[in-house]
Each structure stands twice: as C-alpha cells, then as structure tokens.
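One file, entry_3.csv, carrying CSV, C-alpha atoms:
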```csv
chain,number,residue,atom,x,y,z
A,35,MET,CA,144.6,74.5,-51.4
A,36,ARG,CA,143.6,71.5,-49.2
A,37,LEU,CA,143.2,69.1,-52.0
A,38,GLU,CA,141.9,66.2,-49.9
A,39,TYR,CA,139.1,68.5,-48.4
A,40,PHE,CA,138.3,70.1,-51.7
A,41,GLU,CA,139.1,73.5,-50.4
A,42,MET,CA,140.7,74.9,-53.5
A,43,ILE,CA,140.6,78.7,-53.0
A,44,ASP,CA,143.0,80.2,-50.5
A,45,ALA,CA,142.2,83.9,-50.9
A,46,VAL,CA,139.9,86.1,-52.9
A,47,VAL,CA,142.0,89.1,-54.0
A,48,ARG,CA,139.5,91.0,-56.1
A,49,LEU,CA,135.8,91.1,-56.5
A,50,ASP,CA,133.7,93.4,-58.8
A,51,ARG,CA,130.0,92.7,-58.2
A,52,THR,CA,129.0,95.2,-60.8
A,53,ALA,CA,131.2,93.7,-63.5
A,54,GLY,CA,130.6,90.2,-62.3
A,55,THR,CA,134.3,89.2,-61.9
A,56,ILE,CA,136.4,87.6,-59.3
A,57,GLU,CA,140.1,86.9,-58.9
A,58,ALA,CA,141.5,84.5,-56.4
A,59,LEU,CA,144.7,82.7,-55.3
A,60,ALA,CA,145.1,78.9,-54.9
A,61,ARG,CA,148.4,77.7,-53.5
A,62,VAL,CA,149.2,74.1,-54.5
A,63,PRO,CA,150.5,72.2,-51.5
A,64,THR,CA,154.1,70.9,-51.7
A,65,ALA,CA,152.9,67.5,-50.6
A,66,SER,CA,149.6,65.6,-50.9
A,67,PRO,CA,148.5,62.0,-51.3
A,68,VAL,CA,147.0,63.1,-54.6
A,69,PHE,CA,150.5,63.4,-55.9
A,70,GLU,CA,151.4,59.9,-54.9
A,71,GLY,CA,149.1,58.6,-57.6
A,72,HIS,CA,149.1,61.5,-60.1
A,73,PHE,CA,151.7,60.6,-61.0
A,74,PRO,CA,154.3,58.4,-59.2
A,75,GLY,CA,157.6,60.3,-59.3
A,76,HIS,CA,156.1,63.0,-61.5
A,77,PRO,CA,153.5,65.0,-59.4
A,78,LEU,CA,151.0,67.0,-61.4
A,79,VAL,CA,147.7,68.7,-60.3
A,80,PRO,CA,144.9,66.7,-61.9
A,81,GLY,CA,142.8,68.5,-64.5
A,82,VAL,CA,139.7,67.5,-62.6
A,83,LEU,CA,141.0,69.4,-59.5
A,84,LEU,CA,141.8,72.4,-61.7
A,85,THR,CA,138.3,72.3,-63.0
A,86,GLU,CA,137.0,72.1,-59.4
A,87,THR,CA,139.2,75.2,-58.6
A,88,MET,CA,137.6,77.1,-61.5
A,89,ALA,CA,134.1,76.0,-60.3
A,90,GLN,CA,134.8,77.1,-56.7
A,91,ALA,CA,136.0,80.6,-57.8
A,92,SER,CA,132.9,80.8,-60.0
A,93,GLY,CA,130.7,79.6,-57.1
A,94,TYR,CA,132.0,82.3,-54.8
A,95,LEU,CA,131.4,84.8,-57.5
A,96,ILE,CA,127.8,83.7,-57.8
A,97,LEU,CA,127.3,83.6,-54.1
A,98,ALA,CA,128.5,87.2,-53.8
A,99,HIS,CA,126.4,88.2,-56.8
A,100,LEU,CA,123.3,86.7,-55.2
A,101,GLY,CA,124.0,88.2,-51.8
A,102,PHE,CA,124.4,84.7,-50.3
A,103,GLU,CA,120.7,84.0,-50.8
A,104,ARG,CA,121.1,81.0,-53.0
A,105,MET,CA,123.7,78.2,-53.3
A,106,PRO,CA,125.2,77.4,-56.7
A,107,PHE,CA,125.7,73.8,-57.7
A,108,LEU,CA,127.9,72.8,-60.6
A,109,THR,CA,125.8,71.3,-63.5
A,110,GLY,CA,128.0,71.6,-66.5
A,111,VAL,CA,131.5,72.0,-67.8
A,112,ASP,CA,131.9,73.1,-71.4
A,113,LYS,CA,134.9,73.8,-73.5
A,114,ALA,CA,137.4,72.8,-70.8
A,115,ARG,CA,141.0,73.1,-72.0
A,116,PHE,CA,144.1,72.2,-70.1
A,117,ARG,CA,147.0,74.0,-71.7
A,118,SER,CA,149.9,73.3,-69.4
A,119,PHE,CA,151.1,71.3,-66.5
A,120,VAL,CA,151.5,72.4,-62.9
A,121,GLY,CA,152.9,70.7,-59.9
A,122,PRO,CA,153.4,71.0,-56.1
A,123,GLY,CA,154.2,74.5,-54.6
A,124,ALA,CA,152.8,76.6,-57.4
A,125,THR,CA,150.7,79.6,-56.7
A,126,LEU,CA,147.7,79.8,-59.1
A,127,SER,CA,145.8,82.8,-60.2
A,128,VAL,CA,142.1,81.9,-60.7
A,129,SER,CA,139.6,84.3,-62.4
A,130,ALA,CA,136.0,84.0,-63.3
A,131,LYS,CA,133.4,86.2,-65.0
A,132,LEU,CA,129.6,85.9,-64.7
A,133,GLU,CA,128.4,85.4,-68.3
A,134,HIS,CA,124.7,85.1,-67.6
A,135,ASP,CA,122.5,85.3,-64.5
A,136,GLY,CA,119.5,83.2,-65.5
A,137,SER,CA,116.4,82.3,-63.6
A,138,GLY,CA,117.6,79.5,-61.3
A,139,TYR,CA,120.9,79.1,-63.1
A,140,ALA,CA,124.1,80.9,-63.9
A,141,VAL,CA,126.9,80.6,-66.4
A,142,THR,CA,130.5,81.6,-65.9
A,143,LYS,CA,133.8,81.6,-67.8
A,144,ALA,CA,136.8,80.8,-65.7
A,145,ALA,CA,140.5,80.5,-66.2
A,146,ILE,CA,143.7,79.7,-64.2
A,147,THR,CA,147.1,81.1,-64.9
A,148,HIS,CA,150.5,80.2,-63.4
A,149,GLU,CA,153.3,82.8,-63.5
A,150,GLY,CA,151.3,84.6,-66.2
A,151,LYS,CA,151.0,81.5,-68.4
A,152,ALA,CA,147.6,80.1,-69.3
A,153,LEU,CA,147.0,76.8,-67.5
A,154,CYS,CA,143.3,76.1,-68.2
A,155,ASP,CA,139.9,77.6,-68.9
A,156,ALA,CA,136.3,76.5,-69.2
A,157,GLU,CA,132.7,77.6,-69.4
A,158,LEU,CA,130.8,76.5,-66.3
A,159,ARG,CA,127.1,76.1,-65.6
A,160,PHE,CA,125.4,76.1,-62.2
A,161,ARG,CA,121.9,75.6,-60.9
A,162,THR,CA,121.2,78.0,-58.1
A,163,MET,CA,119.0,76.9,-55.3
A,164,PRO,CA,117.9,77.9,-51.8
A,165,PHE,CA,120.6,76.7,-49.3
A,166,PRO,CA,120.0,73.2,-48.1
A,167,ASP,CA,119.6,73.0,-44.3
A,168,GLY,CA,122.9,73.6,-42.5
A,169,LEU,CA,125.0,74.6,-45.5
A,170,ASP,CA,124.7,78.4,-45.4
A,171,ALA,CA,126.6,78.9,-42.2
A,172,PRO,CA,129.7,76.9,-43.2
A,173,MET,CA,129.7,78.5,-46.7
A,174,ARG,CA,129.6,81.9,-45.1
A,175,GLU,CA,132.4,80.9,-42.7
A,176,ARG,CA,134.5,79.7,-45.5
A,177,ALA,CA,133.8,82.8,-47.6
A,178,LYS,CA,134.8,85.0,-44.6
A,179,ALA,CA,138.1,83.0,-44.2
A,180,ILE,CA,139.1,83.6,-47.8
A,181,GLY,CA,138.2,87.3,-47.7
A,182,LEU,CA,135.1,87.2,-49.9
A,183,LEU,CA,132.6,88.6,-47.4
A,184,ASP,CA,134.7,91.7,-46.8
A,185,LEU,CA,135.3,92.3,-50.5
A,186,ALA,CA,131.6,91.8,-51.2
A,187,GLY,CA,130.7,94.2,-48.5
A,188,LEU,CA,128.6,91.5,-46.8
A,189,SER,CA,130.6,91.1,-43.6
A,190,GLY,CA,128.0,92.8,-41.4
A,191,GLY,CA,125.0,92.4,-43.6
A,192,VAL,CA,124.5,88.7,-44.0
A,193,ALA,CA,122.1,87.1,-41.6
A,194,PRO,CA,123.6,84.1,-39.7
B,126,MET,CA,105.8,71.5,-93.5
B,127,SER,CA,102.6,72.3,-91.6
B,128,ASP,CA,100.2,75.1,-92.6
B,129,ASP,CA,100.0,76.1,-88.9
B,130,PRO,CA,101.1,79.7,-88.8
B,131,ALA,CA,103.1,78.9,-85.6
B,132,THR,CA,105.3,76.6,-87.7
B,133,HIS,CA,106.4,79.6,-89.8
B,134,SER,CA,107.1,82.1,-87.0
B,135,ALA,CA,110.6,83.3,-86.8
B,136,THR,CA,110.6,82.7,-83.0
B,137,PHE,CA,109.5,79.0,-83.5
B,138,GLN,CA,112.2,78.4,-86.1
B,139,ARG,CA,114.9,79.9,-83.9
B,140,VAL,CA,113.7,78.0,-80.8
B,141,ALA,CA,113.4,74.7,-82.7
B,142,ASP,CA,117.0,75.2,-84.0
B,143,ILE,CA,118.2,75.8,-80.5
B,144,ILE,CA,116.5,72.7,-79.2
B,145,ALA,CA,117.8,70.6,-82.0
B,146,GLU,CA,121.3,71.7,-81.4
B,147,THR,CA,121.3,71.8,-77.6
B,148,ALA,CA,119.4,68.7,-76.9
B,149,ASP,CA,120.5,66.7,-80.0
B,150,ILE,CA,117.0,66.1,-81.2
B,151,GLU,CA,116.2,65.7,-84.9
B,152,ARG,CA,115.0,69.1,-86.2
B,153,ASP,CA,112.1,67.5,-88.1
B,154,LYS,CA,110.6,66.0,-84.9
B,155,ILE,CA,110.2,69.4,-83.4
B,156,THR,CA,106.8,71.0,-84.1
B,157,PRO,CA,104.8,73.9,-82.5
B,158,GLU,CA,102.6,71.2,-80.8
B,159,SER,CA,105.6,69.4,-79.3
B,160,HIS,CA,105.7,69.3,-75.5
B,161,ALA,CA,109.3,69.8,-74.6
B,162,ILE,CA,109.2,67.3,-71.7
B,163,ASP,CA,106.6,64.8,-72.7
B,164,ASP,CA,107.2,64.6,-76.5
B,165,LEU,CA,110.8,65.6,-76.9
B,166,GLY,CA,112.1,64.0,-73.6
B,167,ILE,CA,114.0,67.1,-72.6
B,168,ASP,CA,115.0,66.8,-68.9
B,169,SER,CA,115.3,69.7,-66.5
B,170,LEU,CA,119.0,70.0,-66.9
B,171,ALA,CA,118.8,70.1,-70.7
B,172,PHE,CA,116.0,72.6,-70.4
B,173,LEU,CA,118.4,74.9,-68.5
B,174,ASP,CA,120.9,74.7,-71.4
B,175,ILE,CA,118.0,75.5,-73.8
B,176,ALA,CA,117.0,78.4,-71.5
B,177,PHE,CA,120.5,79.8,-71.6
B,178,ALA,CA,120.6,79.6,-75.4
B,179,VAL,CA,117.1,81.2,-75.6
B,180,ASP,CA,118.1,84.0,-73.1
B,181,LYS,CA,121.2,84.8,-75.2
B,182,ALA,CA,119.5,84.6,-78.6
B,183,PHE,CA,116.5,86.8,-77.6
B,184,GLY,CA,118.2,89.0,-75.0
B,185,ILE,CA,115.6,88.0,-72.3
B,186,LYS,CA,115.5,86.1,-69.1
B,187,LEU,CA,113.0,83.3,-69.1
B,188,PRO,CA,111.4,83.2,-65.7
B,189,LEU,CA,111.9,79.5,-65.3
B,190,GLU,CA,111.7,79.5,-61.5
B,191,ARG,CA,108.3,81.2,-61.4
B,192,TRP,CA,107.0,78.9,-64.2
B,193,THR,CA,108.2,75.8,-62.4
B,194,GLN,CA,106.6,77.0,-59.1
B,195,GLU,CA,103.3,77.8,-60.8
B,196,VAL,CA,103.2,74.3,-62.4
B,197,ASN,CA,104.3,72.5,-59.2
B,198,GLU,CA,101.6,74.3,-57.3
B,199,GLY,CA,99.0,73.4,-59.9
B,200,LYS,CA,98.2,77.0,-60.7
B,201,VAL,CA,99.1,76.6,-64.4
B,202,PRO,CA,99.2,73.5,-66.6
B,203,ALA,CA,102.7,72.6,-67.8
B,204,GLU,CA,101.4,72.8,-71.4
B,205,GLN,CA,101.2,76.6,-71.0
B,206,TYR,CA,104.9,76.8,-70.7
B,207,PHE,CA,106.4,73.7,-72.3
B,208,VAL,CA,104.3,73.2,-75.5
B,209,LEU,CA,106.5,75.0,-78.0
B,210,LYS,CA,103.9,77.3,-79.6
B,211,ASN,CA,103.0,78.5,-76.1
B,212,LEU,CA,106.7,78.9,-75.1
B,213,CYS,CA,107.3,80.9,-78.3
B,214,ALA,CA,104.3,83.2,-77.5
B,215,ARG,CA,105.8,83.8,-74.1
B,216,ILE,CA,109.2,84.5,-75.6
B,217,ASP,CA,107.6,87.0,-78.0
B,218,ALA,CA,105.8,88.7,-75.0
B,219,LEU,CA,109.1,89.0,-73.1
B,220,VAL,CA,110.9,90.4,-76.1
B,221,ALA,CA,108.0,93.0,-76.6
B,222,GLU,CA,108.0,93.8,-72.9
B,223,LYS,CA,111.8,94.4,-73.0
B,224,ALA,CA,111.5,96.6,-76.1
B,225,ALA,CA,108.7,98.7,-74.5
B,226,LYS,CA,111.0,99.4,-71.5
B,227,VAL,CA,113.8,100.8,-73.7
```
Rewrite the coordinates I just gave you, this time as structure tokens.
Amino acid sequence: MRLEYFEMIDAVVRLDRTAGTIEALARVPTASPVFEGHFPGHPLVPGVLLTETMAQASGYLILAHLGFERMPFLTGVDKARFRSFVGPGATLSVSAKLEHDGSGYAVTKAAITHEGKALCDAELRFRTMPFPDGLDAPMRERAKAIGLLDLAGLSGGVAP
Amino acid sequence: MSDDPATHSATFQRVADIIAETADIERDKITPESHAIDDLGIDSLAFLDIAFAVDKAFGIKLPLERWTQEVNEGKVPAEQYFVLKNLCARIDALVAEKAAKV
C-alpha cells in the first residue's frame, strides 16, 4: 500500500471472472505520515482507507469483468462495518464479489481480513463509464503491475 | 386510491414501494402518473439505487444506458421511461421477455 498515493492493492492473487470474485493482498506500510495523525503514538489504518481498499479491489474486479472497456467510479458505500483494528506492517487479505452487473452500474460486496480475522466489510456501488481521456493507459499499467491483467487473461488482448 | 387500473397493478405497487424506501419519498405521493425526475425529484444517482432494487426484485436488467442515450439524443421523450406507469409497462415487458427465453 502506498497510502499517500491511494495505491491500496499490492497484488491480485486470485480472479474468477465467471464467478465474479477477486482476492488481493494489501501490505500496510510500517511508516506513513497517515499514522502521525491517526493516531499520535497509537497508529491505526483509518476506516476510510480500508473502505478505499475494498473499493479498489472491487474496482479491479469490475474492470476485469468488463474487459477494461469501462471505468468504475465509486458512488455508494452501504452497510460498512469496521470490526477490528489494524496497524503498520500488517498484510491484509482483500476480497470482493460482484453482486450485480447493471446497465451503467455495478454492485459488489467486499471484505478485508487480517490473519484470518474479519476486519471490515461493506456493500459498494459503482457507476461504470467510458474511460475519461488519458485514464485507460495508467489503469492498465497499474493493473498489470499488480498481476490483474495476467489473471484476467488480458495481457495480450487489451488495446493500448 | 385512484380508479386507474395502473394504480392497482402489482408491478406498480412493488415499484412504488421500492421508490418510497430507496429514495425516502412518502408512499402516498407516488402515483402511476408521477414522473420520477420532474415530480418525485429523484436524481440520477438515486435512480441507480432504484434500478438496482428493481433489477433484483424482478430478476431483470433495466437498460438504463440505452434509455438515457435515446432521451439525450431526442429519439424518445423522457416520459416514456420515467413516468411510472410507462416504467412499469417496460418492466412487465422485460419480465415477459425473460420468461419467454426460459
């Protein structure tokens, strides 16, 4: 995770496009300015960043599901629950499932665990739109870096 | 309650319940003649929530993108999709279309 750059997902470890599921890893850095304020002397990953992590895993799942033809943008977070604390150095397991592929929108359920223990979960909603100019290439580059393109079988088939 | 048959349709009753719950609109204000946007003040984001609930309830996929494009291009008046009695007729058609494929 590069918290300051909002790069939350380090690696996609499993993708099932048929089932509409994704599993990913997010390694919390041992140090970050975020922890200086949240909280002084008692560093904890903020719930809003855990939510972003679930949203990014869901977003990559939707990107793969749609063959990188449309970009998902977060529009709603429902039923978010933060069940435990986590701090610097933790390795998080992030999972998401596509609940509904609508016309111009998608809904996922996502969760994060740490060492097998439930950390948080939520239902997330996205509007899916054509890629804004200039965004598709960096999204594909990032997806390649975290292993998504290979798992999606899109490494050679996605137009630049 | 109105004598309009559309008021009594099961589809309308279900859709009106969904709109009331999803968009926090008083149930009594929702009629078959209501325009979802102009009369009920439902914005595009809230309409996505309603579409999700309708998709789930009826086991269909409302073609929102095609509808929006047709309205934006002036091919179809918005009333054809967003006045509730018309929306319900389209939901019934989608349900029938799905049943015919099974």
How close does chain B get to chain A? List, as JSON lines, each residue of chain B within 12 Å, its nearest atom pair and the distance in Å to one decimal, counting only C-alpha atoms.
```
{"residue": "B:Ser169", "atom": "CA", "partner": "A:Arg161", "partner_atom": "CA", "distance": 10.5}
{"residue": "B:Leu170", "atom": "CA", "partner": "A:Thr109", "partner_atom": "CA", "distance": 7.7}
{"residue": "B:Ala171", "atom": "CA", "partner": "A:Thr109", "partner_atom": "CA", "distance": 10.1}
{"residue": "B:Phe172", "atom": "CA", "partner": "A:Tyr139", "partner_atom": "CA", "distance": 10.9}
{"residue": "B:Leu173", "atom": "CA", "partner": "A:Tyr139", "partner_atom": "CA", "distance": 7.3}
{"residue": "B:Asp174", "atom": "CA", "partner": "A:Arg159", "partner_atom": "CA", "distance": 8.6}
{"residue": "B:Ile175", "atom": "CA", "partner": "A:Gly136", "partner_atom": "CA", "distance": 11.4}
{"residue": "B:Ala176", "atom": "CA", "partner": "A:Gly136", "partner_atom": "CA", "distance": 8.1}
{"residue": "B:Phe177", "atom": "CA", "partner": "A:Gly136", "partner_atom": "CA", "distance": 7.1}
{"residue": "B:Ala178", "atom": "CA", "partner": "A:His134", "partner_atom": "CA", "distance": 10.4}
{"residue": "B:Val179", "atom": "CA", "partner": "A:Gly136", "partner_atom": "CA", "distance": 10.6}
{"residue": "B:Asp180", "atom": "CA", "partner": "A:Gly136", "partner_atom": "CA", "distance": 7.8}
{"residue": "B:Lys181", "atom": "CA", "partner": "A:His134", "partner_atom": "CA", "distance": 8.4}
{"residue": "B:Gly184", "atom": "CA", "partner": "A:His134", "partner_atom": "CA", "distance": 10.6}
{"residue": "B:Ile185", "atom": "CA", "partner": "A:Gly136", "partner_atom": "CA", "distance": 9.2}
{"residue": "B:Lys186", "atom": "CA", "partner": "A:Gly136", "partner_atom": "CA", "distance": 6.1}
{"residue": "B:Leu187", "atom": "CA", "partner": "A:Ser137", "partner_atom": "CA", "distance": 6.5}
{"residue": "B:Pro188", "atom": "CA", "partner": "A:Ser137", "partner_atom": "CA", "distance": 5.5}
{"residue": "B:Leu189", "atom": "CA", "partner": "A:Ser137", "partner_atom": "CA", "distance": 5.6}
{"residue": "B:Glu190", "atom": "CA", "partner": "A:Ser137", "partner_atom": "CA", "distance": 5.9}
{"residue": "B:Arg191", "atom": "CA", "partner": "A:Ser137", "partner_atom": "CA", "distance": 8.5}
{"residue": "B:Trp192", "atom": "CA", "partner": "A:Ser137", "partner_atom": "CA", "distance": 10.0}
{"residue": "B:Thr193", "atom": "CA", "partner": "A:Gly138", "partner_atom": "CA", "distance": 10.2}
{"residue": "B:Gln194", "atom": "CA", "partner": "A:Gly138", "partner_atom": "CA", "distance": 11.5}
```
**Study point:** Selection near segment 199-210 of chain B, 6 Å with only C-alpha atoms, sequence-local residues under 5 positions removed, as a list in words
**Key:** Pro157, Glu158, Ser159, His160 and Ala161 of chain B
Practice item. Grab the atom CA of Met42 of chain A to atom CA of Thr87 of chain A distance for me, in Å with one decimal place. Key: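 Value for the atom CA of Met42 of chain A-atom CA of Thr87 of chain A distance: 5.3 Å.
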Exercise for review: To one decimal in Å, tell me the separation between atom CA of Glu103 of chain A and atom CA of Phe40 of chain A.
Suggested key: 22.4 Å
Point to revise | Surrounding residues of segment 166-172 of chain A excluding itself and chain neighbours under 5 positions, 9 Å, all atoms listed in the file, as a list of chain:residue names | key: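 So the residues in contact are A:Phe102, A:Glu103, A:Arg104, A:Met105, A:Ala177, A:Pro194.
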**Study point:** Contacts of Glu41 of chain A at 9 Å (only C-alpha atoms; same-chain gap of 5+ positions) as JSON, numbers by chain
**Key:** {"A": [35, 36, 87, 90]}
**Study point:** Nearest to Arg61 of chain A by atom-to-atom distance, counting all atoms listed in the file, from A:Thr125, A:Ser118, A:Ser189, A:Thr147
**Key:**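 Smallest separation from Arg61 of chain A among the options: A:Thr125.
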Check your understanding: When distances are computed from all atoms listed in the file, which of A:Met88, A:Val79, A:Met173, A:Leu37 shows the smallest separation from Lys131 of chain A?
Key ->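 Comparing A:Met88, A:Val79, A:Met173, A:Leu37 against Lys131 of chain A, the winner is A:Met88.
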Exercise for review: Point out the residue among A:Glu157, A:Asp50, A:Glu175, A:Glu57 with the least atom-to-atom distance to Lys113 of chain A, counting all atoms listed in the file.
Suggested key: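 Of A:Glu157, A:Asp50, A:Glu175, A:Glu57, the one nearest Lys113 of chain A is A:Glu157, counting all atoms listed in the file.
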Practice item. Could you give me, as number ranges by chain, the residues within 8 Å of Leu95 of chain A, counting only C-alpha atoms and dropping anything in the same chain fewer than 6 positions from it? Key: A: 49, 54-56, 130-132
Where is the centre and how long are the edges: axis-aligned box on segment 137-148 of chain B, 6 Å on each side, Å to one decimal, as lines of an AutoDock Vina configuration file:
```
center_x = 115.4
center_y = 74.3
center_z = -81.5
size_x = 23.8
size_y = 23.2
size_z = 21.2
```
Practice item. Find the distance between atom CA of Thr147 of chain B and atom CA of Leu158 of chain A and write it in Å to one decimal. Key: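 One can read the atom CA of Thr147 of chain B to atom CA of Leu158 of chain A distance as 15.5 Å.
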Practice item. Counting only C-alpha atoms, figure out which residue out of A:Tyr39, A:Arg176, A:Glu70, A:Pro63 gets nearest to Leu126 of chain A. Key: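 For Leu126 of chain A, the nearest of the candidates is A:Pro63.
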Quick one: segment 46-144 of chain A with C-alpha atoms, as an mmCIF file, in the first residue's frame?
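The result, stored in decode08.cif:
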```
data_model
loop_
_atom_site.group_PDB
_atom_site.id
_atom_site.type_symbol
_atom_site.label_atom_id
_atom_site.label_comp_id
_atom_site.auth_asym_id
_atom_site.auth_seq_id
_atom_site.Cartn_x
_atom_site.Cartn_y
_atom_site.Cartn_z
ATOM 1 C CA VAL A 46 -4.132 -9.683 -7.051
ATOM 2 C CA VAL A 47 -3.746 -13.328 -6.059
ATOM 3 C CA ARG A 48 -6.933 -14.807 -7.479
ATOM 4 C CA LEU A 49 -9.533 -13.788 -10.037
ATOM 5 C CA ASP A 50 -12.548 -15.762 -11.178
ATOM 6 C CA ARG A 51 -14.310 -13.837 -13.931
ATOM 7 C CA THR A 52 -17.060 -16.427 -14.195
ATOM 8 C CA ALA A 53 -17.884 -16.370 -10.502
ATOM 9 C CA GLY A 54 -17.212 -12.634 -10.311
ATOM 10 C CA THR A 55 -14.729 -12.808 -7.452
ATOM 11 C CA ILE A 56 -11.310 -11.368 -6.699
ATOM 12 C CA GLU A 57 -8.787 -11.829 -3.904
ATOM 13 C CA ALA A 58 -5.929 -9.426 -3.336
ATOM 14 C CA LEU A 59 -3.194 -8.507 -0.886
ATOM 15 C CA ALA A 60 -2.575 -5.117 0.675
ATOM 16 C CA ARG A 61 0.517 -4.653 2.800
ATOM 17 C CA VAL A 62 0.223 -1.827 5.280
ATOM 18 C CA PRO A 63 3.489 0.173 5.334
ATOM 19 C CA THR A 64 5.483 0.216 8.538
ATOM 20 C CA ALA A 65 5.624 4.001 8.429
ATOM 21 C CA SER A 66 3.469 6.716 6.867
ATOM 22 C CA PRO A 67 2.531 10.321 7.628
ATOM 23 C CA VAL A 68 -1.019 8.987 7.945
ATOM 24 C CA PHE A 69 -0.015 7.292 11.184
ATOM 25 C CA GLU A 70 1.377 10.508 12.628
ATOM 26 C CA GLY A 71 -2.142 11.836 12.914
ATOM 27 C CA HIS A 72 -4.175 8.640 13.157
ATOM 28 C CA PHE A 73 -3.366 8.414 15.991
ATOM 29 C CA PRO A 74 -0.326 10.031 17.676
ATOM 30 C CA GLY A 75 1.529 7.233 19.421
ATOM 31 C CA HIS A 76 -1.190 4.712 18.520
ATOM 32 C CA PRO A 77 -1.047 4.132 14.737
ATOM 33 C CA LEU A 78 -4.157 2.619 13.134
ATOM 34 C CA VAL A 79 -5.211 2.337 9.484
ATOM 35 C CA PRO A 80 -8.180 4.718 9.125
ATOM 36 C CA GLY A 81 -11.512 3.129 8.275
ATOM 37 C CA VAL A 82 -11.852 5.438 5.274
ATOM 38 C CA LEU A 83 -8.660 3.944 3.809
ATOM 39 C CA LEU A 84 -9.899 0.419 4.474
ATOM 40 C CA THR A 85 -13.053 1.398 2.607
ATOM 41 C CA GLU A 86 -10.927 2.704 -0.268
ATOM 42 C CA THR A 87 -9.038 -0.602 -0.258
ATOM 43 C CA MET A 88 -12.288 -2.558 -0.595
ATOM 44 C CA ALA A 89 -13.393 -0.146 -3.332
ATOM 45 C CA GLN A 90 -10.160 -0.612 -5.290
ATOM 46 C CA ALA A 91 -10.358 -4.417 -5.107
ATOM 47 C CA SER A 92 -13.964 -4.150 -6.293
ATOM 48 C CA GLY A 93 -12.945 -1.704 -8.999
ATOM 49 C CA TYR A 94 -10.300 -4.055 -10.370
ATOM 50 C CA LEU A 95 -12.845 -6.862 -10.333
ATOM 51 C CA ILE A 96 -15.298 -4.753 -12.346
ATOM 52 C CA LEU A 97 -12.563 -3.647 -14.755
ATOM 53 C CA ALA A 98 -11.701 -7.287 -15.427
ATOM 54 C CA HIS A 99 -15.375 -8.249 -15.696
ATOM 55 C CA LEU A 100 -15.944 -5.539 -18.294
ATOM 56 C CA GLY A 101 -12.749 -6.354 -20.185
ATOM 57 C CA PHE A 102 -11.286 -2.935 -19.390
ATOM 58 C CA GLU A 103 -13.845 -1.271 -21.626
ATOM 59 C CA ARG A 104 -15.342 0.925 -18.907
ATOM 60 C CA MET A 105 -14.091 2.590 -15.750
ATOM 61 C CA PRO A 106 -15.883 2.086 -12.425
ATOM 62 C CA PHE A 107 -16.310 5.104 -10.151
ATOM 63 C CA LEU A 108 -17.419 4.661 -6.552
ATOM 64 C CA THR A 109 -20.913 6.087 -5.949
ATOM 65 C CA GLY A 110 -22.041 4.459 -2.747
ATOM 66 C CA VAL A 111 -20.940 2.640 0.379
ATOM 67 C CA ASP A 112 -23.602 0.732 2.269
ATOM 68 C CA LYS A 113 -23.512 -1.385 5.392
ATOM 69 C CA ALA A 114 -19.844 -0.610 6.117
ATOM 70 C CA ARG A 115 -18.647 -2.236 9.322
ATOM 71 C CA PHE A 116 -15.218 -1.955 10.925
ATOM 72 C CA ARG A 117 -14.848 -4.921 13.213
ATOM 73 C CA SER A 118 -11.271 -4.699 14.419
ATOM 74 C CA PHE A 119 -8.155 -2.501 14.449
ATOM 75 C CA VAL A 120 -5.086 -2.885 12.286
ATOM 76 C CA GLY A 121 -1.796 -1.021 12.303
ATOM 77 C CA PRO A 122 1.532 -0.670 10.458
ATOM 78 C CA GLY A 123 3.173 -3.737 8.909
ATOM 79 C CA ALA A 124 0.045 -5.860 8.595
ATOM 80 C CA THR A 125 -0.701 -7.889 5.475
ATOM 81 C CA LEU A 126 -4.381 -7.633 4.598
ATOM 82 C CA SER A 127 -6.425 -10.089 2.556
ATOM 83 C CA VAL A 128 -8.986 -8.240 0.463
ATOM 84 C CA SER A 129 -11.855 -9.981 -1.297
ATOM 85 C CA ALA A 130 -14.758 -8.787 -3.405
ATOM 86 C CA LYS A 131 -17.685 -10.391 -5.183
ATOM 87 C CA LEU A 132 -19.736 -8.905 -7.995
ATOM 88 C CA GLU A 133 -23.294 -8.885 -6.730
ATOM 89 C CA HIS A 134 -24.913 -7.264 -9.741
ATOM 90 C CA ASP A 135 -23.796 -6.097 -13.161
ATOM 91 C CA GLY A 136 -26.350 -3.451 -14.047
ATOM 92 C CA SER A 137 -26.705 -1.167 -17.031
ATOM 93 C CA GLY A 138 -24.132 1.536 -16.348
ATOM 94 C CA TYR A 139 -23.593 0.497 -12.757
ATOM 95 C CA ALA A 140 -22.304 -2.391 -10.661
ATOM 96 C CA VAL A 141 -22.664 -3.547 -7.078
ATOM 97 C CA THR A 142 -20.107 -5.525 -5.069
ATOM 98 C CA LYS A 143 -19.710 -6.945 -1.610
ATOM 99 C CA ALA A 144 -16.190 -6.690 -0.242
#
```
